[in-house]
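**Student:** What follows is a single structure, and I will ask about it in a moment.
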Amino acid sequence: MAKERIIVIGAALAGPAAAARAREINSQAEILLLERNANVSYATCGLSYLLSHEASNLEALNSEKAEFFKEFYDIEARTHSAVSAILADQKQLLVKDQDSQKETSLPYDRLIVATGVASLRPENAPAEALNLVDFRTLADLETIQASLMQDRKEIVVLGAGPLGIEAVDGLLRAKARVHLIEKKSALLESEQPVLHPLLLQSLQKAGVNVILGSTVRAYQLNGDHIESIQLSDGQSLRCDLVINAIGVRPRTDLLAQAGAAIHADGSVIVDEHCQSSLPHIYVCGTAMRIRSALVPENSSWWPQASLADRSAQVAGENAAGGSAVLAPLAMSQIIRAGESYIGRVGLRRFEIMDSFTEEDLLEFSLTLPTHERYIQKAAYEHWHVYCLRTSGQVLALEAFGPATIQARLDAAAALIHKNGRVQDLAQMDLAYLPPLRPARDPLNTIGWLASNLIAGRGQIIAASELGAAWQGASIIDLCQSPARCLQDRGAAHMTLPKLRASLDAMDRSRRWVLVSESGRKAWLGMQLMRQSGFDQVAILGGGEQFWHRLDCKV
């Protein structure tokens with residue numbers, strides 16, 4: 001009896017992981033891995049860390065070659081093999097040898113497609129320019145390294161999404177002079193508008209020339225090299241290298257031509273077993289749609305490396321005869337930018353606004369210490385929280401600060417997977433060590449604060465509301481020193497004891513907004529006022545520390 005043949009299309013991360021998982025489940029099947037390029041299994045997420053010298057060398061990102069898969073897994077990896085068509089009704093592939101250009105037909109019993117994503121190309125980008133590269137492959141990295149080694153370090157990065165920020169981070173650590181160009185008015189595709197100013201400031205302090213709301217109008221070439229670019233805002237920038245990171249699209253042309261169900265954004269639609277709409281064809285990696293743990297009936301495209309690996313485990317197991325299920329995702333993300341990190345978990349802001357009304361939502365910001373205040377070199381994290389006003393269901397948490405935000409985002413992701421409420425964070429039991437976290441962890445504080453807000457014991461407003469719904473409100477500054485961010489607001493600076501002593505003389509018909517460093521004293525002051533007959537009183541979200549860090553006024 002002939003062995004069952006499982007073919008995997010695509011290398012890098014998902015394809016090899018799926019092939020390896022299929023071998024673990026089925027030791028008898030013939031498994032082929034087809035890749036159109038020269039490399040089989042390489043760490044695309046490690047490019048930035050080679051630039052920063054946190055990865056030792058290029059070989060460290062490309063250690064698992066065809067010979068490794070043959071010896072270790074008995075998987076035949078064929079490089080320079082480009083699949084030109086999937087004949088689903090015949091269970092055949094048309095495969096072209098990139099060296100000989102000969103095309104052959106290859107039958108399969110089960111097929112796994114892990115073709116990933118393709119880089120979007122900038123408009124008017126000169127095809128002949130040798131110093132215009134993407135930030136996705138080992139070949140791209142070799143070009144970037146060569147430029148840096150030749151002391152050609154004036155580098156333009158196009159696009160300030162996750163990929164662009166990742167490139168900037170590695171280049172900064174390689175001592176490059178970086179210009180970051182983004183056509184939108186905010187970084188990270190405006191997914192985190194509240195924390196965007198903190199990220200922008202962090203990059204600027206690190207020396208990055210960030211230009212928002214502008215695009216490249218023209219490229220000036222000297223032979224086959226770009227020497228400068230002209231921007232739509234009139235600026236001209238000299239450059240040694242241009243890195244394209246404007247975005248990616250799902251590489252699903254093969255599946256679309258074969259008749260698979262494809263979403264309007266180009267991502268392929270799969271079921272919980274990672275099977276496409278075509279029989280015997282599974283999909284894994286960054287080209288597929290996934291279900292959200294918060295809105296399971298909806299799916300979205302979320303091209304993240306962690307999804308690539310988990311979906312590869314499911315697709316590989318099921319192609320080999322298993323019945324694994326890909327759980328809905330909490331959609332976690334964290335990005336390093338210089339000395340700071342920005343991360344999120346849960347629905348993206350546009351998804352929240354599309355799914356819920358303003359009346360449904362409770363949204364607030366706060367600034368919290370990373371560890372006990374008596375520990376030297378105290379640091380702070382800035383959080384923005386979205387939950388449902390009535391039930392408290394967590395919709396999203398966003399954070400900016402040091403690396404400590406990562407563990408808290410992971411804990412929040414676990415809560416989202418359990419369909420938890422923000423109130424549950426108040427009692428979450430987390431390992432305590434003073435240099436690592438305070439006794440009341442930031443997540444505990446978020447849960448405690450949300451519980452009080454849901455119970456109607458206070459109100460937190462955004463700075464924008466001082467010029468809108470709360471315009472004309474009287475502001476009380478409870479900071480130890482007068483808050484610079486309130487200089488133009490006519491704030492009354494006082495201590496908590498003075499506030500207590502002044503309550504009888506204050507106008508209870510007015511609206512009042514309280515501000516303190518982190519918001520802790522402001523919260524206590526608000527409780528004093530509410531319990532003394534003041535009905536219209538709120539505190540400023542984020543506290544003075546948030547605005548002081550931005551060096552701006554509210």
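Identifiers in the structure tokens: chain A, B, ... in order shown; residue index from 1 per chain; ligand index from 1 in order shown.
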Would you kindly return, as a ChimeraX atom specification, each protein, DNA or RNA residue with an atom no farther than 8 Å from any atom of A:Arg177, considering only C-alpha atoms and excluding same-chain residues fewer than 6 positions away?
**Tutor:** /A:153-155,171,207-208
**Student:** Using backbone DSSP assignments, extract all alpha helix (DSSP H) residues from stretch 379-503 of chain A; output them as JSON, numbers by chain.
**Tutor:** {"A": [405, 406, 407, 408, 409, 410, 411, 412, 413, 414, 415, 416, 417, 442, 443, 444, 445, 446, 447, 448, 449, 450, 451, 452, 453, 454, 496, 497, 498, 499, 500, 501, 502]}
**Student:** Restrict the selected residues to C-alpha atoms and save them as a short mmCIF file (atom, residue, chain, number, x, y, z; two decimals), in the first residue's frame.
**Tutor:**
```cif
data_model
loop_
_atom_site.label_atom_id
_atom_site.label_comp_id
_atom_site.auth_asym_id
_atom_site.auth_seq_id
_atom_site.Cartn_x
_atom_site.Cartn_y
_atom_site.Cartn_z
CA ILE A 405 3.83 45.22 30.90
CA GLN A 406 4.36 41.90 29.11
CA ALA A 407 3.54 39.66 32.09
CA ARG A 408 0.44 41.69 32.89
CA LEU A 409 -0.81 41.57 29.33
CA ASP A 410 -0.37 37.79 29.42
CA ALA A 411 -2.41 37.54 32.62
CA ALA A 412 -5.12 39.70 31.04
CA ALA A 413 -5.10 37.45 27.97
CA ALA A 414 -5.75 34.42 30.18
CA LEU A 415 -8.72 36.25 31.70
CA ILE A 416 -10.10 37.11 28.26
CA HIS A 417 -9.86 33.45 27.24
CA PRO A 442 -1.40 47.29 38.49
CA LEU A 443 -3.87 44.64 37.33
CA ASN A 444 -5.38 44.51 40.83
CA THR A 445 -5.71 48.29 40.77
CA ILE A 446 -7.35 48.24 37.34
CA GLY A 447 -9.88 45.70 38.61
CA TRP A 448 -10.50 47.58 41.85
CA LEU A 449 -10.97 50.88 40.03
CA ALA A 450 -13.26 49.37 37.40
CA SER A 451 -15.37 47.74 40.11
CA ASN A 452 -15.90 51.12 41.75
CA LEU A 453 -16.69 52.85 38.46
CA ILE A 454 -19.22 50.17 37.50
CA LEU A 496 -6.03 66.94 50.72
CA PRO A 497 -6.30 68.42 54.25
CA LYS A 498 -7.04 71.83 52.72
CA LEU A 499 -9.67 70.27 50.45
CA ARG A 500 -11.36 68.68 53.48
CA ALA A 501 -11.37 72.00 55.28
CA SER A 502 -12.73 73.88 52.25
#
```
**Student:** Give me, as a short mmCIF file (atom, residue, chain, number, x, y, z; two decimals) with C-alpha atoms, in the first residue's frame, all polymer residues having an atom no more than 9 Å from A:Met529, counting only C-alpha atoms and skipping those fewer than 5 positions away in the same chain.
**Tutor:**
```cif
data_model
loop_
_atom_site.label_atom_id
_atom_site.label_comp_id
_atom_site.auth_asym_id
_atom_site.auth_seq_id
_atom_site.Cartn_x
_atom_site.Cartn_y
_atom_site.Cartn_z
CA LEU A 499 -9.67 70.27 50.45
CA ARG A 500 -11.36 68.68 53.48
CA LEU A 503 -15.67 71.63 51.35
CA ARG A 508 -21.88 72.09 45.08
CA LEU A 524 -9.70 59.97 47.48
CA PHE A 534 -20.98 67.14 45.26
CA ASP A 535 -22.77 65.36 42.39
CA VAL A 537 -17.07 65.53 40.25
#
```
**Student:** Do you know which residues are at most 6 Å from A:Pro438 counting only C-alpha atoms, after dropping those on the same chain fewer than 3 positions away, and could you put them as an MDAnalysis selection string?
**Tutor:** chainID A and resid 371:372 434 441
**Student:** Would you pick out the contacts of A:Leu203 at 9 Å or less, using only C-alpha atoms, so that residues sharing its chain but fewer than 2 positions from it are not included, and give the list as a PDB file with N, CA and C atoms, in the first residue's frame?
**Tutor:**
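Below you can see part.pdb, which holds the result:
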```
ATOM      1  N   VAL A 168      12.745  50.002  13.212  1.00  0.00           N
ATOM      2  CA  VAL A 168      13.343  51.176  13.843  1.00  0.00           C
ATOM      3  C   VAL A 168      14.076  50.786  15.122  1.00  0.00           C
ATOM      4  N   ASP A 169      13.481  49.916  15.916  1.00  0.00           N
ATOM      5  CA  ASP A 169      14.094  49.502  17.175  1.00  0.00           C
ATOM      6  C   ASP A 169      15.454  48.846  16.934  1.00  0.00           C
ATOM      7  N   LEU A 198       2.747  58.734  23.772  1.00  0.00           N
ATOM      8  CA  LEU A 198       3.867  58.225  24.557  1.00  0.00           C
ATOM      9  C   LEU A 198       4.869  57.502  23.671  1.00  0.00           C
ATOM     10  N   LEU A 199       4.375  56.698  22.748  1.00  0.00           N
ATOM     11  CA  LEU A 199       5.256  56.001  21.816  1.00  0.00           C
ATOM     12  C   LEU A 199       5.990  56.999  20.934  1.00  0.00           C
ATOM     13  N   LEU A 200       5.283  57.982  20.436  1.00  0.00           N
ATOM     14  CA  LEU A 200       5.900  59.007  19.589  1.00  0.00           C
ATOM     15  C   LEU A 200       7.014  59.715  20.342  1.00  0.00           C
ATOM     16  N   GLN A 201       6.741  60.097  21.565  1.00  0.00           N
ATOM     17  CA  GLN A 201       7.751  60.801  22.346  1.00  0.00           C
ATOM     18  C   GLN A 201       8.964  59.912  22.620  1.00  0.00           C
ATOM     19  N   LYS A 205      12.721  60.898  21.519  1.00  0.00           N
ATOM     20  CA  LYS A 205      13.786  61.029  22.510  1.00  0.00           C
ATOM     21  C   LYS A 205      14.973  60.128  22.178  1.00  0.00           C
ATOM     22  N   ALA A 206      14.687  59.008  21.504  1.00  0.00           N
ATOM     23  CA  ALA A 206      15.761  58.094  21.103  1.00  0.00           C
ATOM     24  C   ALA A 206      16.499  58.593  19.864  1.00  0.00           C
ATOM     25  N   GLY A 207      16.028  59.688  19.275  1.00  0.00           N
ATOM     26  CA  GLY A 207      16.708  60.275  18.132  1.00  0.00           C
ATOM     27  C   GLY A 207      16.081  60.006  16.785  1.00  0.00           C
ATOM     28  N   VAL A 208      14.908  59.372  16.763  1.00  0.00           N
ATOM     29  CA  VAL A 208      14.245  59.078  15.489  1.00  0.00           C
ATOM     30  C   VAL A 208      13.549  60.339  14.973  1.00  0.00           C
ATOM     31  N   ASN A 209      13.752  60.631  13.707  1.00  0.00           N
ATOM     32  CA  ASN A 209      13.043  61.727  13.045  1.00  0.00           C
ATOM     33  C   ASN A 209      11.714  61.173  12.549  1.00  0.00           C
ATOM     34  N   VAL A 210      10.650  61.391  13.317  1.00  0.00           N
ATOM     35  CA  VAL A 210       9.333  60.847  12.982  1.00  0.00           C
ATOM     36  C   VAL A 210       8.550  61.890  12.190  1.00  0.00           C
ATOM     37  N   ALA A 337      10.138  49.578  21.507  1.00  0.00           N
ATOM     38  CA  ALA A 337      10.491  50.810  20.803  1.00  0.00           C
ATOM     39  C   ALA A 337      11.501  51.577  21.649  1.00  0.00           C
ATOM     40  N   GLY A 338      12.781  51.387  21.356  1.00  0.00           N
ATOM     41  CA  GLY A 338      13.806  52.023  22.164  1.00  0.00           C
ATOM     42  C   GLY A 338      13.835  51.415  23.552  1.00  0.00           C
ATOM     43  N   GLU A 339      13.678  52.246  24.567  1.00  0.00           N
ATOM     44  CA  GLU A 339      13.707  51.771  25.949  1.00  0.00           C
ATOM     45  C   GLU A 339      12.323  51.441  26.482  1.00  0.00           C
ATOM     46  N   SER A 340      11.306  51.565  25.657  1.00  0.00           N
ATOM     47  CA  SER A 340       9.930  51.359  26.109  1.00  0.00           C
ATOM     48  C   SER A 340       9.253  50.256  25.306  1.00  0.00           C
TER      49      SER A 340
END
```
**Student:** Near A:Arg437, within 10 Å and counting only C-alpha atoms, which residues show up once chain neighbours fewer than 5 positions away are dropped, as JSON, numbers by chain?
**Tutor:** {"A": [369, 370, 371, 372, 373, 404, 430, 431, 432, 442]}
**Student:** Using only C-alpha atoms, please write the residues we just selected to a file, as an mmCIF file, in the first residue's frame.
**Tutor:**
```
data_model
loop_
_atom_site.group_PDB
_atom_site.id
_atom_site.type_symbol
_atom_site.label_atom_id
_atom_site.label_comp_id
_atom_site.auth_asym_id
_atom_site.auth_seq_id
_atom_site.Cartn_x
_atom_site.Cartn_y
_atom_site.Cartn_z
ATOM 1 C CA PRO A 369 3.972 51.944 39.539
ATOM 2 C CA THR A 370 5.719 48.824 38.279
ATOM 3 C CA HIS A 371 6.940 47.816 41.751
ATOM 4 C CA GLU A 372 6.973 48.995 45.356
ATOM 5 C CA ARG A 373 7.557 52.728 45.637
ATOM 6 C CA THR A 404 6.988 44.626 32.939
ATOM 7 C CA LEU A 430 -0.111 37.240 41.320
ATOM 8 C CA ALA A 431 3.372 36.308 42.543
ATOM 9 C CA TYR A 432 4.696 39.129 44.724
ATOM 10 C CA PRO A 442 -1.396 47.292 38.494
#
```
**Student:** When you draw a straight line from atom CA of A:Glu544 to atom CA of A:Tyr380, how long is it in Å?
**Tutor:** 12.2 Å
**Student:** Can you tell me, as a short mmCIF file (atom, residue, chain, number, x, y, z; two decimals) with C-alpha atoms, in the first residue's frame, which residues in stretch 318-501 of chain A count as strand (DSSP E) by DSSP?
**Tutor:**
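After the write, part-v6.cif holds the following:
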```cif
data_model
loop_
_atom_site.label_atom_id
_atom_site.label_comp_id
_atom_site.auth_asym_id
_atom_site.auth_seq_id
_atom_site.Cartn_x
_atom_site.Cartn_y
_atom_site.Cartn_z
CA GLN A 333 0.66 42.03 20.96
CA ILE A 334 3.75 43.72 22.34
CA ILE A 335 6.32 45.85 20.52
CA ARG A 336 9.64 47.24 21.71
CA ALA A 337 10.49 50.81 20.80
CA SER A 340 9.93 51.36 26.11
CA TYR A 341 7.33 48.78 25.19
CA ILE A 342 3.79 49.19 23.92
CA GLY A 343 1.30 46.34 23.99
CA ARG A 344 -2.33 45.38 23.90
CA VAL A 345 -4.72 42.48 24.33
CA GLY A 346 -8.32 42.13 23.23
CA LEU A 361 -18.59 51.17 27.17
CA LEU A 362 -16.55 52.02 30.21
CA GLU A 363 -13.20 53.42 29.12
CA PHE A 364 -10.50 54.92 31.33
CA SER A 365 -6.76 55.57 31.64
CA LEU A 366 -4.47 55.30 34.63
CA THR A 367 -0.78 55.46 35.56
CA LEU A 368 0.59 52.85 37.97
CA PRO A 369 3.97 51.94 39.54
CA TYR A 380 5.50 53.60 35.80
CA GLU A 381 3.15 51.89 33.38
CA HIS A 382 0.37 53.71 31.54
CA TRP A 383 -2.81 51.71 30.93
CA HIS A 384 -5.98 52.25 28.93
CA VAL A 385 -8.92 49.97 29.66
CA TYR A 386 -12.07 49.09 27.71
CA CYS A 387 -14.87 47.04 29.27
CA LEU A 388 -18.65 46.81 29.21
CA VAL A 394 -13.04 42.91 29.45
CA LEU A 395 -12.84 44.15 25.85
CA ALA A 396 -9.25 45.39 25.67
CA LEU A 397 -6.29 46.51 27.74
CA GLU A 398 -3.52 48.64 26.29
CA ALA A 399 -0.24 49.43 28.02
CA PHE A 400 2.90 51.51 27.61
CA GLY A 401 5.97 51.31 29.81
CA ILE A 460 -12.78 59.26 35.23
CA ILE A 461 -12.62 61.61 32.25
CA SER A 474 -13.31 73.97 38.09
CA ILE A 475 -10.03 72.07 38.47
CA ILE A 476 -8.39 71.12 41.75
CA ASP A 477 -4.69 70.25 41.62
CA ALA A 492 -6.57 75.63 42.36
CA HIS A 493 -3.54 73.96 43.96
#
```
**Student:** I want to know what sits within 8 Å of A:Leu347, based on only C-alpha atoms, with residues of the same chain fewer than 4 positions away left out; could you give that as a list in words?
**Tutor:** Ser292, Leu294, Ala330, Met331, Glu351, Ile352, Leu395 and Ala396 of chain A
**Student:** Kindly assemble as JSON lines a list of the stretch 203-226 of chain A residues that lie within 8 Å of stretch 131-136 of chain A, each paired with its nearest atom pair and their distance in Å to one decimal, using only C-alpha atoms, sorted first by chain and then by ascending residue number.
**Tutor:**
```
{"residue": "A:Asp224", "atom": "CA", "partner": "A:Asn131", "partner_atom": "CA", "distance": 8.0}
{"residue": "A:His225", "atom": "CA", "partner": "A:Asn131", "partner_atom": "CA", "distance": 5.7}
{"residue": "A:Ile226", "atom": "CA", "partner": "A:Asn131", "partner_atom": "CA", "distance": 6.5}
```
**Student:** Using only N, CA and C atoms, please write the residues we just selected to a file, as a CSV table (one decimal), in the first residue's frame.
**Tutor:**
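File result32.csv, as written:
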```
chain,number,residue,atom,x,y,z
A,224,ASP,N,21.6,52.9,-9.8
A,224,ASP,CA,20.7,52.0,-9.2
A,224,ASP,C,20.5,52.2,-7.7
A,225,HIS,N,20.9,53.3,-7.2
A,225,HIS,CA,20.8,53.6,-5.7
A,225,HIS,C,20.0,54.9,-5.5
A,226,ILE,N,19.1,54.8,-4.5
A,226,ILE,CA,18.3,56.0,-4.1
A,226,ILE,C,19.2,56.9,-3.2
```
**Student:** So, with only C-alpha atoms as the atoms that count, which of A:Leu13, A:Ala88, A:Met428, A:Ala324 lies closest to A:Pro279?
**Tutor:** A:Ala88
**Student:** For A:Gly322, which residue out of A:Asn26, A:Gln480, A:Ile9, A:Ala160 is the nearest one, using only C-alpha atoms?
**Tutor:**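 Among the listed residues, the smallest separation from A:Gly322 belongs to A:Asn26.
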